[in-house]
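Engineer: Structure supplied as start08.pdb; contents: PDB, C-alpha atoms.
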ATOM      1  CA  MET A  62      69.141  77.417  30.636
ATOM      2  CA  ASP A  63      68.973  77.231  26.843
ATOM      3  CA  ARG A  64      68.918  80.737  25.261
ATOM      4  CA  ARG A  65      68.053  81.158  21.609
ATOM      5  CA  ILE A  66      68.080  84.193  19.321
ATOM      6  CA  VAL A  67      65.410  84.088  16.616
ATOM      7  CA  LEU A  68      65.156  86.523  13.677
ATOM      8  CA  VAL A  69      61.609  86.963  12.334
ATOM      9  CA  PRO A  70      61.618  86.729   8.509
ATOM     10  CA  ALA A  71      59.664  89.200   6.367
ATOM     11  CA  GLU A  72      57.203  86.533   5.200
ATOM     12  CA  LEU A  73      55.816  86.258   8.742
ATOM     13  CA  ALA A  74      54.794  89.929   8.825
ATOM     14  CA  GLY A  75      51.293  90.248  10.265
ATOM     15  CA  THR A  76      51.488  86.895  12.090
ATOM     16  CA  ARG A  77      50.794  86.577  15.806
ATOM     17  CA  LEU A  78      53.962  86.210  17.821
ATOM     18  CA  ASP A  79      53.042  82.818  19.340
ATOM     19  CA  VAL A  80      52.068  81.395  15.947
ATOM     20  CA  ALA A  81      55.249  82.690  14.305
ATOM     21  CA  LEU A  82      57.447  81.355  17.097
ATOM     22  CA  ALA A  83      55.909  77.891  16.807
ATOM     23  CA  ARG A  84      56.869  77.921  13.119
ATOM     24  CA  LEU A  85      60.357  79.211  13.767
ATOM     25  CA  LEU A  86      61.037  76.681  16.533
ATOM     26  CA  PRO A  87      59.420  73.511  15.144
ATOM     27  CA  GLU A  88      61.280  71.372  17.660
ATOM     28  CA  LEU A  89      59.056  72.844  20.414
ATOM     29  CA  SER A  90      55.391  71.958  20.740
ATOM     30  CA  ARG A  91      52.755  74.668  20.409
ATOM     31  CA  ALA A  92      51.869  74.239  24.070
ATOM     32  CA  ARG A  93      55.512  74.686  25.101
ATOM     33  CA  VAL A  94      55.845  77.867  23.022
ATOM     34  CA  GLN A  95      52.673  79.283  24.557
ATOM     35  CA  ARG A  96      53.926  78.560  28.077
ATOM     36  CA  LEU A  97      57.253  80.245  27.348
ATOM     37  CA  VAL A  98      55.429  83.370  26.178
ATOM     38  CA  GLU A  99      53.050  83.316  29.158
ATOM     39  CA  ASP A 100      56.000  82.939  31.554
ATOM     40  CA  GLY A 101      57.755  85.985  30.094
ATOM     41  CA  ARG A 102      60.587  83.933  28.606
ATOM     42  CA  VAL A 103      60.235  85.438  25.128
ATOM     43  CA  ARG A 104      61.596  88.974  24.841
ATOM     44  CA  MET A 105      61.416  91.434  22.000
ATOM     45  CA  GLY A 106      63.887  94.214  22.723
ATOM     46  CA  GLU A 107      63.763  95.078  26.425
ATOM     47  CA  ARG A 108      60.221  93.828  27.011
ATOM     48  CA  ALA A 109      58.548  90.471  27.442
ATOM     49  CA  ALA A 110      56.624  89.701  24.273
ATOM     50  CA  LYS A 111      52.838  89.261  24.177
ATOM     51  CA  ALA A 112      51.364  86.215  22.494
ATOM     52  CA  ALA A 113      48.888  88.272  20.443
ATOM     53  CA  ALA A 114      51.452  90.834  19.256
ATOM     54  CA  ARG A 115      51.470  91.199  15.470
ATOM     55  CA  LEU A 116      54.915  91.018  13.956
ATOM     56  CA  ARG A 117      56.247  93.305  11.224
ATOM     57  CA  GLY A 118      59.149  91.108  10.151
ATOM     58  CA  GLY A 119      62.785  91.757  10.985
ATOM     59  CA  GLU A 120      62.342  91.624  14.772
ATOM     60  CA  THR A 121      64.826  89.757  16.935
ATOM     61  CA  LEU A 122      63.340  87.528  19.621
ATOM     62  CA  GLU A 123      65.270  86.198  22.594
ATOM     63  CA  VAL A 124      63.850  82.923  23.867
ATOM     64  CA  GLU A 125      64.754  81.220  27.149
ATOM     65  CA  VAL A 126      64.006  77.492  27.210
ATOM     66  CA  PRO A 127      64.367  76.236  30.787
ATOM     67  CA  PRO A 128      64.872  72.564  31.636
ATOM     68  CA  PRO A 129      61.656  70.698  32.457
ATOM     69  CA  GLU A 130      60.348  71.133  35.984
ATOM     70  CA  PRO A 131      60.445  68.129  38.304
ATOM     71  CA  SER A 132      57.305  66.059  38.016
ATOM     72  CA  HIS A 133      55.080  65.118  40.945
ATOM     73  CA  LEU A 134      53.746  62.185  38.937
ATOM     74  CA  VAL A 135      54.749  58.680  39.906
ATOM     75  CA  ALA A 136      56.499  56.482  37.375
ATOM     76  CA  GLN A 137      54.967  53.003  37.449
ATOM     77  CA  ASP A 138      56.166  49.792  35.868
ATOM     78  CA  LEU A 139      52.884  48.949  34.130
ATOM     79  CA  PRO A 140      52.500  46.723  31.068
ATOM     80  CA  LEU A 141      52.242  48.528  27.734
ATOM     81  CA  ALA A 142      51.619  46.660  24.489
ATOM     82  CA  VAL A 143      53.933  48.399  22.016
ATOM     83  CA  LEU A 144      52.945  48.134  18.340
ATOM     84  CA  TYR A 145      55.770  50.303  16.951
ATOM     85  CA  GLU A 146      58.750  52.153  18.420
ATOM     86  CA  ASP A 147      61.800  54.099  17.273
ATOM     87  CA  ARG A 148      63.841  57.000  18.670
ATOM     88  CA  ASP A 149      61.135  59.552  17.779
ATOM     89  CA  LEU A 150      57.856  57.938  18.801
ATOM     90  CA  LEU A 151      56.025  54.847  19.870
ATOM     91  CA  VAL A 152      52.517  53.545  19.221
ATOM     92  CA  ILE A 153      50.861  51.486  21.937
ATOM     93  CA  ASP A 154      47.794  49.271  21.960
ATOM     94  CA  LYS A 155      46.001  50.870  24.902
ATOM     95  CA  ALA A 156      44.126  48.395  27.033
ATOM     96  CA  ALA A 157      40.446  48.958  27.719
ATOM     97  CA  GLY A 158      39.967  50.259  31.259
ATOM     98  CA  MET A 159      43.261  52.186  31.327
ATOM     99  CA  VAL A 160      42.991  55.971  31.697
ATOM    100  CA  VAL A 161      45.346  57.988  29.484
ATOM    101  CA  HIS A 162      46.041  61.095  31.619
ATOM    102  CA  PRO A 163      46.186  61.324  35.412
ATOM    103  CA  ALA A 164      43.272  63.238  36.913
ATOM    104  CA  ARG A 165      41.849  63.926  40.345
ATOM    105  CA  GLY A 166      40.068  60.580  40.529
ATOM    106  CA  THR A 167      42.798  58.551  38.809
ATOM    107  CA  PRO A 168      46.255  59.864  39.767
ATOM    108  CA  HIS A 169      47.926  56.476  39.256
ATOM    109  CA  SER A 170      47.924  53.477  36.903
ATOM    110  CA  THR A 171      47.475  55.610  33.788
ATOM    111  CA  VAL A 172      49.223  55.544  30.423
ATOM    112  CA  VAL A 173      51.264  58.583  31.509
ATOM    113  CA  ASN A 174      52.473  56.820  34.672
ATOM    114  CA  ALA A 175      53.548  53.850  32.576
ATOM    115  CA  LEU A 176      55.284  56.077  30.015
ATOM    116  CA  LEU A 177      57.227  57.917  32.722
ATOM    117  CA  HIS A 178      58.725  54.604  33.765
ATOM    118  CA  ARG A 179      59.385  53.404  30.216
ATOM    119  CA  LEU A 180      60.853  56.640  28.860
ATOM    120  CA  ALA A 181      63.074  57.150  31.911
ATOM    121  CA  ARG A 182      65.309  54.506  30.345
ATOM    122  CA  GLU A 183      65.785  56.633  27.199
ATOM    123  CA  PRO A 184      69.153  58.425  26.865
ATOM    124  CA  ARG A 185      68.800  62.132  27.675
ATOM    125  CA  PRO A 186      70.347  64.507  25.118
ATOM    126  CA  ALA A 187      72.165  67.760  25.749
ATOM    127  CA  ALA A 188      70.076  70.931  26.128
ATOM    128  CA  GLY A 189      68.369  71.910  22.901
ATOM    129  CA  GLU A 190      69.153  68.603  21.210
ATOM    130  CA  ALA A 191      66.283  66.465  19.934
ATOM    131  CA  GLY A 192      66.574  62.831  20.865
ATOM    132  CA  SER A 193      64.504  61.781  23.850
ATOM    133  CA  ALA A 194      61.500  62.754  25.927
ATOM    134  CA  SER A 195      63.606  65.397  27.697
ATOM    135  CA  GLY A 196      61.806  68.740  27.729
ATOM    136  CA  LEU A 197      58.321  67.309  27.223
ATOM    137  CA  ASP A 198      55.598  68.298  29.658
ATOM    138  CA  GLU A 199      55.512  65.309  31.990
ATOM    139  CA  ALA A 200      51.837  65.812  32.802
ATOM    140  CA  ARG A 201      51.068  64.782  29.230
ATOM    141  CA  LEU A 202      54.441  63.589  27.930
ATOM    142  CA  GLY A 203      54.254  63.288  24.155
ATOM    143  CA  LEU A 204      50.583  62.364  23.933
ATOM    144  CA  VAL A 205      49.109  63.990  20.846
ATOM    145  CA  HIS A 206      45.590  62.552  21.113
ATOM    146  CA  ARG A 207      43.626  60.456  23.562
ATOM    147  CA  LEU A 208      41.273  57.514  23.827
ATOM    148  CA  ASP A 209      38.421  57.117  26.295
ATOM    149  CA  LYS A 210      39.153  54.927  29.300
ATOM    150  CA  ASP A 211      37.111  52.021  27.957
ATOM    151  CA  THR A 212      38.232  52.326  24.324
ATOM    152  CA  SER A 213      41.121  50.086  23.300
ATOM    153  CA  GLY A 214      43.633  50.386  20.487
ATOM    154  CA  CYS A 215      46.224  52.576  18.763
ATOM    155  CA  LEU A 216      47.646  55.545  20.665
ATOM    156  CA  VAL A 217      50.708  57.423  19.370
ATOM    157  CA  VAL A 218      53.241  59.014  21.728
ATOM    158  CA  ALA A 219      56.042  61.398  20.690
ATOM    159  CA  LYS A 220      59.427  60.996  22.387
ATOM    160  CA  THR A 221      60.809  64.428  21.428
ATOM    161  CA  GLU A 222      59.403  67.929  21.186
ATOM    162  CA  ALA A 223      60.169  67.965  17.456
ATOM    163  CA  ALA A 224      58.140  64.785  16.944
ATOM    164  CA  LEU A 225      55.345  66.134  19.131
ATOM    165  CA  ALA A 226      55.101  69.374  17.146
ATOM    166  CA  ALA A 227      55.103  67.512  13.813
ATOM    167  CA  LEU A 228      52.428  65.059  14.923
ATOM    168  CA  GLN A 229      50.275  67.838  16.375
ATOM    169  CA  ALA A 230      50.409  69.590  13.007
ATOM    170  CA  GLN A 231      49.243  66.421  11.252
ATOM    171  CA  PHE A 232      46.324  65.918  13.633
ATOM    172  CA  LYS A 233      45.348  69.570  13.259
ATOM    173  CA  GLY A 234      45.655  69.352   9.464
ATOM    174  CA  ARG A 235      43.523  66.160   9.468
ATOM    175  CA  THR A 236      46.080  64.141   7.535
ATOM    176  CA  VAL A 237      46.132  61.359  10.154
ATOM    177  CA  GLU A 238      43.997  58.358   9.242
ATOM    178  CA  LYS A 239      42.012  57.049  12.214
ATOM    179  CA  ARG A 240      39.858  53.942  11.793
ATOM    180  CA  TYR A 241      37.890  52.214  14.523
ATOM    181  CA  LEU A 242      35.859  49.041  14.938
ATOM    182  CA  ALA A 243      32.456  49.759  16.462
ATOM    183  CA  LEU A 244      29.949  47.098  17.468
ATOM    184  CA  CYS A 245      26.559  48.749  17.664
ATOM    185  CA  HIS A 246      22.865  48.034  18.035
ATOM    186  CA  GLY A 247      20.603  47.619  15.033
ATOM    187  CA  ALA A 248      21.190  47.384  11.303
ATOM    188  CA  LEU A 249      23.385  50.171   9.967
ATOM    189  CA  ALA A 250      23.198  51.198   6.325
ATOM    190  CA  PRO A 251      26.082  49.599   4.372
ATOM    191  CA  VAL A 252      27.886  52.958   4.228
ATOM    192  CA  GLY A 253      27.142  56.315   5.795
ATOM    193  CA  ARG A 254      28.452  59.712   6.769
ATOM    194  CA  LEU A 255      27.482  62.118   9.547
ATOM    195  CA  ASP A 256      28.565  65.767   9.423
ATOM    196  CA  THR A 257      27.150  67.766  12.324
ATOM    197  CA  PRO A 258      27.875  70.642  14.664
ATOM    198  CA  TYR A 259      29.248  69.308  17.915
ATOM    199  CA  GLY A 260      29.451  70.404  21.517
ATOM    200  CA  ARG A 261      28.587  69.657  25.123
ATOM    201  CA  HIS A 262      25.100  68.484  25.920
ATOM    202  CA  PRO A 263      23.006  71.440  27.167
ATOM    203  CA  ARG A 264      21.650  69.539  30.199
ATOM    204  CA  ASP A 265      24.429  67.074  31.033
ATOM    205  CA  ARG A 266      27.901  68.624  30.846
ATOM    206  CA  THR A 267      29.608  65.233  31.029
ATOM    207  CA  ARG A 268      28.074  64.252  27.695
ATOM    208  CA  TYR A 269      28.299  65.585  24.133
ATOM    209  CA  THR A 270      25.841  65.965  21.293
ATOM    210  CA  GLY A 271      25.772  66.432  17.549
ATOM    211  CA  ARG A 272      22.263  67.887  17.643
ATOM    212  CA  GLY A 273      21.492  71.581  17.744
ATOM    213  CA  ALA A 274      23.941  74.450  17.639
ATOM    214  CA  GLY A 275      27.605  73.729  18.268
ATOM    215  CA  ALA A 276      30.766  75.708  17.798
ATOM    216  CA  ARG A 277      32.721  72.813  16.298
ATOM    217  CA  ARG A 278      32.177  70.388  13.419
ATOM    218  CA  ALA A 279      32.294  66.587  13.660
ATOM    219  CA  VAL A 280      32.564  64.281  10.646
ATOM    220  CA  THR A 281      32.205  60.497  10.911
ATOM    221  CA  GLU A 282      32.048  57.903   8.130
ATOM    222  CA  TRP A 283      31.329  54.192   8.396
ATOM    223  CA  ARG A 284      31.321  51.027   6.347
ATOM    224  CA  VAL A 285      29.642  47.854   7.551
ATOM    225  CA  ARG A 286      32.075  44.979   8.014
ATOM    226  CA  GLU A 287      29.609  42.419   9.360
ATOM    227  CA  ALA A 288      25.851  42.442  10.031
ATOM    228  CA  PHE A 289      24.224  40.067  12.500
ATOM    229  CA  ALA A 290      20.671  38.740  12.211
ATOM    230  CA  SER A 291      20.187  39.115  15.949
ATOM    231  CA  GLY A 292      20.252  42.903  15.603
ATOM    232  CA  ALA A 293      23.817  44.222  15.768
ATOM    233  CA  THR A 294      26.392  45.569  13.309
ATOM    234  CA  LEU A 295      30.183  45.588  13.260
ATOM    235  CA  ALA A 296      31.315  48.699  11.397
ATOM    236  CA  GLU A 297      34.607  50.229  10.346
ATOM    237  CA  VAL A 298      34.365  53.868  11.395
ATOM    238  CA  THR A 299      36.671  56.568  10.063
ATOM    239  CA  LEU A 300      37.056  59.828  11.966
ATOM    240  CA  HIS A 301      37.737  62.989   9.981
ATOM    241  CA  THR A 302      37.647  65.077  13.165
ATOM    242  CA  GLY A 303      38.664  64.107  16.684
ATOM    243  CA  ARG A 304      35.923  65.256  19.044
ATOM    244  CA  THR A 305      35.469  63.754  22.495
ATOM    245  CA  HIS A 306      33.088  60.736  22.376
ATOM    246  CA  GLN A 307      32.471  61.453  18.670
ATOM    247  CA  ILE A 308      31.758  57.916  17.432
ATOM    248  CA  ARG A 309      29.689  57.056  20.489
ATOM    249  CA  VAL A 310      27.578  60.200  20.106
ATOM    250  CA  HIS A 311      27.098  60.053  16.343
ATOM    251  CA  LEU A 312      26.049  56.407  16.282
ATOM    252  CA  ALA A 313      23.815  56.747  19.343
ATOM    253  CA  GLU A 314      22.035  59.796  17.973
ATOM    254  CA  ALA A 315      21.565  57.942  14.672
ATOM    255  CA  GLY A 316      19.745  55.215  16.635
ATOM    256  CA  HIS A 317      22.667  52.769  16.897
ATOM    257  CA  PRO A 318      24.385  53.067  20.294
ATOM    258  CA  LEU A 319      27.458  50.957  20.946
ATOM    259  CA  LEU A 320      26.970  47.735  22.815
ATOM    260  CA  ALA A 321      27.593  48.121  26.563
ATOM    261  CA  ASP A 322      27.830  51.932  26.344
ATOM    262  CA  ALA A 323      26.379  53.064  29.670
ATOM    263  CA  VAL A 324      26.550  56.784  28.835
ATOM    264  CA  TYR A 325      24.951  56.925  25.388
ATOM    265  CA  GLY A 326      22.185  54.351  25.620
ATOM    266  CA  GLY A 327      23.696  50.974  24.811
ATOM    267  CA  THR A 328      23.044  49.406  28.199
ATOM    268  CA  ARG A 329      19.465  50.762  28.235
ATOM    269  CA  ARG A 330      18.789  48.977  24.942
ATOM    270  CA  GLU A 331      20.260  45.769  26.294
ATOM    271  CA  ALA A 332      18.153  45.928  29.470
ATOM    272  CA  ARG A 333      15.019  45.712  27.291
ATOM    273  CA  LEU A 334      16.182  42.435  25.718
ATOM    274  CA  PRO A 335      15.559  38.945  27.159
ATOM    275  CA  PRO A 336      18.504  37.569  29.169
ATOM    276  CA  GLU A 337      19.226  34.951  26.490
ATOM    277  CA  HIS A 338      19.237  37.431  23.574
ATOM    278  CA  PRO A 339      22.553  37.229  21.637
ATOM    279  CA  VAL A 340      23.025  41.003  21.621
ATOM    280  CA  ARG A 341      22.603  41.161  25.383
ATOM    281  CA  LEU A 342      24.993  38.221  25.824
ATOM    282  CA  ALA A 343      27.518  39.891  23.493
ATOM    283  CA  ALA A 344      27.326  43.113  25.505
ATOM    284  CA  GLU A 345      27.954  41.142  28.693
ATOM    285  CA  ALA A 346      30.923  39.429  27.031
ATOM    286  CA  ILE A 347      32.647  42.722  26.253
ATOM    287  CA  GLY A 348      31.564  44.558  29.412
ATOM    288  CA  ARG A 349      32.587  48.009  28.133
ATOM    289  CA  GLN A 350      31.698  50.245  25.201
ATOM    290  CA  ALA A 351      32.389  48.185  22.081
ATOM    291  CA  LEU A 352      34.935  50.486  20.433
ATOM    292  CA  HIS A 353      38.472  49.667  19.301
ATOM    293  CA  ALA A 354      40.982  52.000  17.584
ATOM    294  CA  GLU A 355      42.107  49.470  14.994
ATOM    295  CA  HIS A 356      44.181  51.552  12.557
ATOM    296  CA  LEU A 357      46.341  54.682  12.714
ATOM    297  CA  ALA A 358      48.349  56.082   9.772
ATOM    298  CA  PHE A 359      50.519  59.212   9.627
ATOM    299  CA  GLU A 360      53.766  60.620   8.232
ATOM    300  CA  HIS A 361      56.817  59.851  10.324
ATOM    301  CA  PRO A 362      57.810  63.206  11.884
ATOM    302  CA  ARG A 363      61.496  62.848  10.983
ATOM    303  CA  THR A 364      61.676  60.685   7.861
ATOM    304  CA  GLY A 365      58.369  61.596   6.229
ATOM    305  CA  ARG A 366      57.664  57.908   5.587
ATOM    306  CA  ARG A 367      54.009  56.940   5.878
ATOM    307  CA  LEU A 368      53.422  54.641   8.848
ATOM    308  CA  ALA A 369      50.317  52.471   9.092
ATOM    309  CA  ILE A 370      49.829  50.744  12.454
ATOM    310  CA  GLU A 371      47.206  48.090  13.257
ATOM    311  CA  ALA A 372      46.055  47.025  16.726
ATOM    312  CA  PRO A 373      44.860  43.403  16.906
ATOM    313  CA  LEU A 374      41.299  42.561  17.838
ATOM    314  CA  PRO A 375      41.074  42.547  21.655
ATOM    315  CA  GLN A 376      39.902  39.361  23.345
ATOM    316  CA  ASP A 377      36.750  40.871  24.861
ATOM    317  CA  LEU A 378      35.536  42.144  21.487
ATOM    318  CA  ALA A 379      36.423  38.795  19.893
ATOM    319  CA  ARG A 380      34.269  37.046  22.523
ATOM    320  CA  ALA A 381      31.342  39.356  21.801
ATOM    321  CA  LEU A 382      31.613  38.703  18.066
ATOM    322  CA  ALA A 383      31.783  34.955  18.665
ATOM    323  CA  VAL A 384      28.479  35.125  20.563
ATOM    324  CA  LEU A 385      26.794  36.987  17.708
ATOM    325  CA  ARG A 386      28.215  34.703  15.011
ATOM    326  CA  ALA A 387      26.935  31.653  16.849
ATOM    327  CA  ALA A 388      23.343  32.943  16.868
ATOM    328  CA  PRO A 389      21.518  32.180  13.572
ATOM    329  CA  ALA A 390      18.480  34.397  14.220
ATOM    330  CA  ALA A 391      17.118  36.904  16.670
ATOM    331  CA  PRO A 392      14.776  35.677  19.436
ATOM    332  CA  PRO A 393      11.609  37.707  20.009
ATOM    333  CA  ARG A 394      11.959  41.015  21.845
ATOM    334  CA  ARG A 395      10.518  41.465  25.343
ATOM    335  CA  ARG A 396       7.350  43.569  25.285
TER     336      ARG A 396
END
Mind converting the file's structure to structure tokens?
Structural biologist:
Amino acid sequence: MDRRIVLVPAELAGTRLDVALARLLPELSRARVQRLVEDGRVRMGERAAKAAARLRGGETLEVEVPPPEPSHLVAQDLPLAVLYEDRDLLVIDKAAGMVVHPARGTPHSTVVNALLHRLAREPRPAAGEAGSASGLDEARLGLVHRLDKDTSGCLVVAKTEAALAALQAQFKGRTVEKRYLALCHGALAPVGRLDTPYGRHPRDRTRYTGRGAGARRAVTEWRVREAFASGATLAEVTLHTGRTHQIRVHLAEAGHPLLADAVYGGTRREARLPPEHPVRLAAEAIGRQALHAEHLAFEHPRTGRRLAIEAPLPQDLARALAVLRAAPAAPPRRR
């Protein structure tokens, strides 16, 4: 058991206890700090501290940091395409079709299962020392963000709690640069920006929408990289927020669903096209929503050096683009 004594400085007067503790123990993730408070492992005087307690400054907090609980997850030797790795983090090129986190329907063959196997080979430091994935919640490991199952590309993983906390702060502060390649229906304007409220769809809770009232904000920008005469556009899309399905929703609701997107209207558009139409053939060539996380840039959590990581064009998207480039003009639409 790692016990730490933390003195609250005067400048944190008026701050919630959980927020202050996350600042005072930057080597622990926000989620870990919150769990310690919820489990009664943070004491102020003789009593367990409350997360919402407002501090006055000058208090002494006693924090117990237990070793990580044994995981019920299965480590699996699955292939991971690593784009960058050092002692603090790694960035993988997630394959399309691979789920990130285990869930009821997919307990195995996920990114987390693969990471458990890979990171088990890392040297484990002494208690309280930052240097490996020791202490991270094994249900999520050091995953700071996520990609949909059928989206490929850059995914960053922290190896230490200190790296996790630093990367979480960058994602929350919107200083991480996230750029995607999206192949969508129709002719997009050369550049564009969507800034909408965002939330769950009122009638289908598995979907999201940028229309109507929403508690959160979603901001998406795009720049056309290549336009195809057959009626499709390859765009570079930059996310300024990280909402679930954000690019898919914003482009679909703007009238440009992604090719082969079965949830947000891409496949319905393709079903109305003749079998020989290049856009329909391109959608069949990729076979999943045409979205690839091409670029990720952030400050290294230990050195502060700016890292810019690129994921190569996946083969299925390359095949779809080859189909569109080979078609000089659009055949007539089915009536």
Engineer: Just say which residues the PyMOL selection byres ((chain A and resi 343-350) around 7) picks in this file, as a PDB file with C-alpha atoms, keeping the file's coordinate frame.
Structural biologist:
ATOM      1  CA  ASP A 211      37.111  52.021  27.957  1.00  0.00           C
ATOM      2  CA  THR A 212      38.232  52.326  24.324  1.00  0.00           C
ATOM      3  CA  LEU A 319      27.458  50.957  20.946  1.00  0.00           C
ATOM      4  CA  LEU A 320      26.970  47.735  22.815  1.00  0.00           C
ATOM      5  CA  ALA A 321      27.593  48.121  26.563  1.00  0.00           C
ATOM      6  CA  ASP A 322      27.830  51.932  26.344  1.00  0.00           C
ATOM      7  CA  PRO A 339      22.553  37.229  21.637  1.00  0.00           C
ATOM      8  CA  VAL A 340      23.025  41.003  21.621  1.00  0.00           C
ATOM      9  CA  ARG A 341      22.603  41.161  25.383  1.00  0.00           C
ATOM     10  CA  LEU A 342      24.993  38.221  25.824  1.00  0.00           C
ATOM     11  CA  ALA A 351      32.389  48.185  22.081  1.00  0.00           C
ATOM     12  CA  LEU A 352      34.935  50.486  20.433  1.00  0.00           C
ATOM     13  CA  ASP A 377      36.750  40.871  24.861  1.00  0.00           C
ATOM     14  CA  LEU A 378      35.536  42.144  21.487  1.00  0.00           C
ATOM     15  CA  ARG A 380      34.269  37.046  22.523  1.00  0.00           C
ATOM     16  CA  ALA A 381      31.342  39.356  21.801  1.00  0.00           C
ATOM     17  CA  LEU A 382      31.613  38.703  18.066  1.00  0.00           C
ATOM     18  CA  VAL A 384      28.479  35.125  20.563  1.00  0.00           C
ATOM     19  CA  LEU A 385      26.794  36.987  17.708  1.00  0.00           C
TER      20      LEU A 385
END
Engineer: In Å to one decimal, how far is atom CA of Asp256 of chain A from atom CA of His311 of chain A?
Structural biologist: 9.1 Å
Engineer: With the PyMOL selection byres ((chain A and resi 135) around 8) as the selection, what would be picked from this file? Answer as a PyMOL selection string, please.
Structural biologist: chain A and resi 133-134+136-137+169+174+177
Engineer: Restricting the output to C-alpha atoms, write the selected residues as a compact mmCIF listing (two decimals), in the frame of the given file.
Structural biologist:
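Contents of result-v2.txt, freshly written:
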# COMPACT_ATOMS: atom_id res chain seq x y z
CA HIS A 133 55.08 65.12 40.94
CA LEU A 134 53.75 62.18 38.94
CA ALA A 136 56.50 56.48 37.38
CA GLN A 137 54.97 53.00 37.45
CA HIS A 169 47.93 56.48 39.26
CA ASN A 174 52.47 56.82 34.67
CA LEU A 177 57.23 57.92 32.72
Engineer: If I take atom CA of Leu139 of chain A and atom CA of Val173 of chain A, how far is one from the other in Å, to one decimal?
Structural biologist: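 Spanning atom CA of Leu139 of chain A to atom CA of Val173 of chain A is a straight-line distance of 10.1 Å.
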Engineer: Would you place a box with edges along x, y and z of the file around all atoms of segment 176-183 of chain A listed there, add 5 Å to each of its six sides, and report the centre and edge lengths in Å to one decimal, as AutoDock Vina command-line options?
Structural biologist:
--center_x 60.5 --center_y 55.7 --center_z 30.5 --size_x 20.5 --size_y 14.5 --size_z 16.6
Engineer: List every protein, DNA or RNA residue that has an atom no more than 12 Å from (23.3, 74.5, 15.8) in the file's coordinate frame, counting all atoms listed in the file, and report them as a count of residues only.
Structural biologist: 16
Engineer: Please provide the set of residues having any atom within 8 Å of Ala293 of chain A, restricted to all atoms listed in the file, with same-chain residues fewer than 4 positions apart removed, written as a ChimeraX atom specification.
Structural biologist: /A:244-248,288-289,340
Engineer: Expanded to explicit residues, what is the PyMOL selection byres ((chain A and resi 158-165) around 9) for this file, as a VMD selection string?
Structural biologist: chain A and resid 134 155 to 157 166 to 174 200 to 201 204 207 to 213 349
Engineer: Between A:Thr302, A:Ala313, A:Pro389, A:Gln307, which is the closest to His338 of chain A once you count all atoms listed in the file?
Structural biologist: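 Using all atoms listed in the file, the shortest distance to His338 of chain A belongs to A:Pro389.
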Engineer: Missing atoms in segment 62-71 of chain A should be modelled up to N, CA, C and O atoms and reported as a CSV table (one decimal), keeping the file's coordinate frame.
Structural biologist:
chain,number,residue,atom,x,y,z
A,62,MET,N,70.1,76.6,31.4
A,62,MET,CA,69.1,77.4,30.6
A,62,MET,C,69.6,77.5,29.2
A,62,MET,O,70.7,77.9,28.9
A,63,ASP,N,68.7,77.2,28.3
A,63,ASP,CA,69.0,77.2,26.8
A,63,ASP,C,68.4,78.6,26.3
A,63,ASP,O,67.2,78.8,26.3
A,64,ARG,N,69.3,79.4,25.8
A,64,ARG,CA,68.9,80.7,25.3
A,64,ARG,C,69.1,80.7,23.7
A,64,ARG,O,70.1,80.3,23.2
A,65,ARG,N,68.0,81.2,23.1
A,65,ARG,CA,68.1,81.2,21.6
A,65,ARG,C,67.7,82.5,21.1
A,65,ARG,O,66.8,83.2,21.6
A,66,ILE,N,68.4,82.9,20.0
A,66,ILE,CA,68.1,84.2,19.3
A,66,ILE,C,67.4,83.8,18.0
A,66,ILE,O,67.9,83.1,17.2
A,67,VAL,N,66.2,84.4,17.8
A,67,VAL,CA,65.4,84.1,16.6
A,67,VAL,C,65.1,85.4,15.8
A,67,VAL,O,64.6,86.3,16.4
A,68,LEU,N,65.4,85.4,14.6
A,68,LEU,CA,65.2,86.5,13.7
A,68,LEU,C,63.9,86.2,12.9
A,68,LEU,O,63.7,85.2,12.3
A,69,VAL,N,62.9,87.1,13.0
A,69,VAL,CA,61.6,87.0,12.3
A,69,VAL,C,61.7,87.3,10.9
A,69,VAL,O,62.1,88.5,10.5
A,70,PRO,N,61.5,86.4,9.9
A,70,PRO,CA,61.6,86.7,8.5
A,70,PRO,C,60.5,87.6,8.0
A,70,PRO,O,59.4,87.6,8.6
A,71,ALA,N,60.7,88.3,6.9
A,71,ALA,CA,59.7,89.2,6.4
A,71,ALA,C,58.4,88.5,6.0
A,71,ALA,O,57.3,89.1,6.1
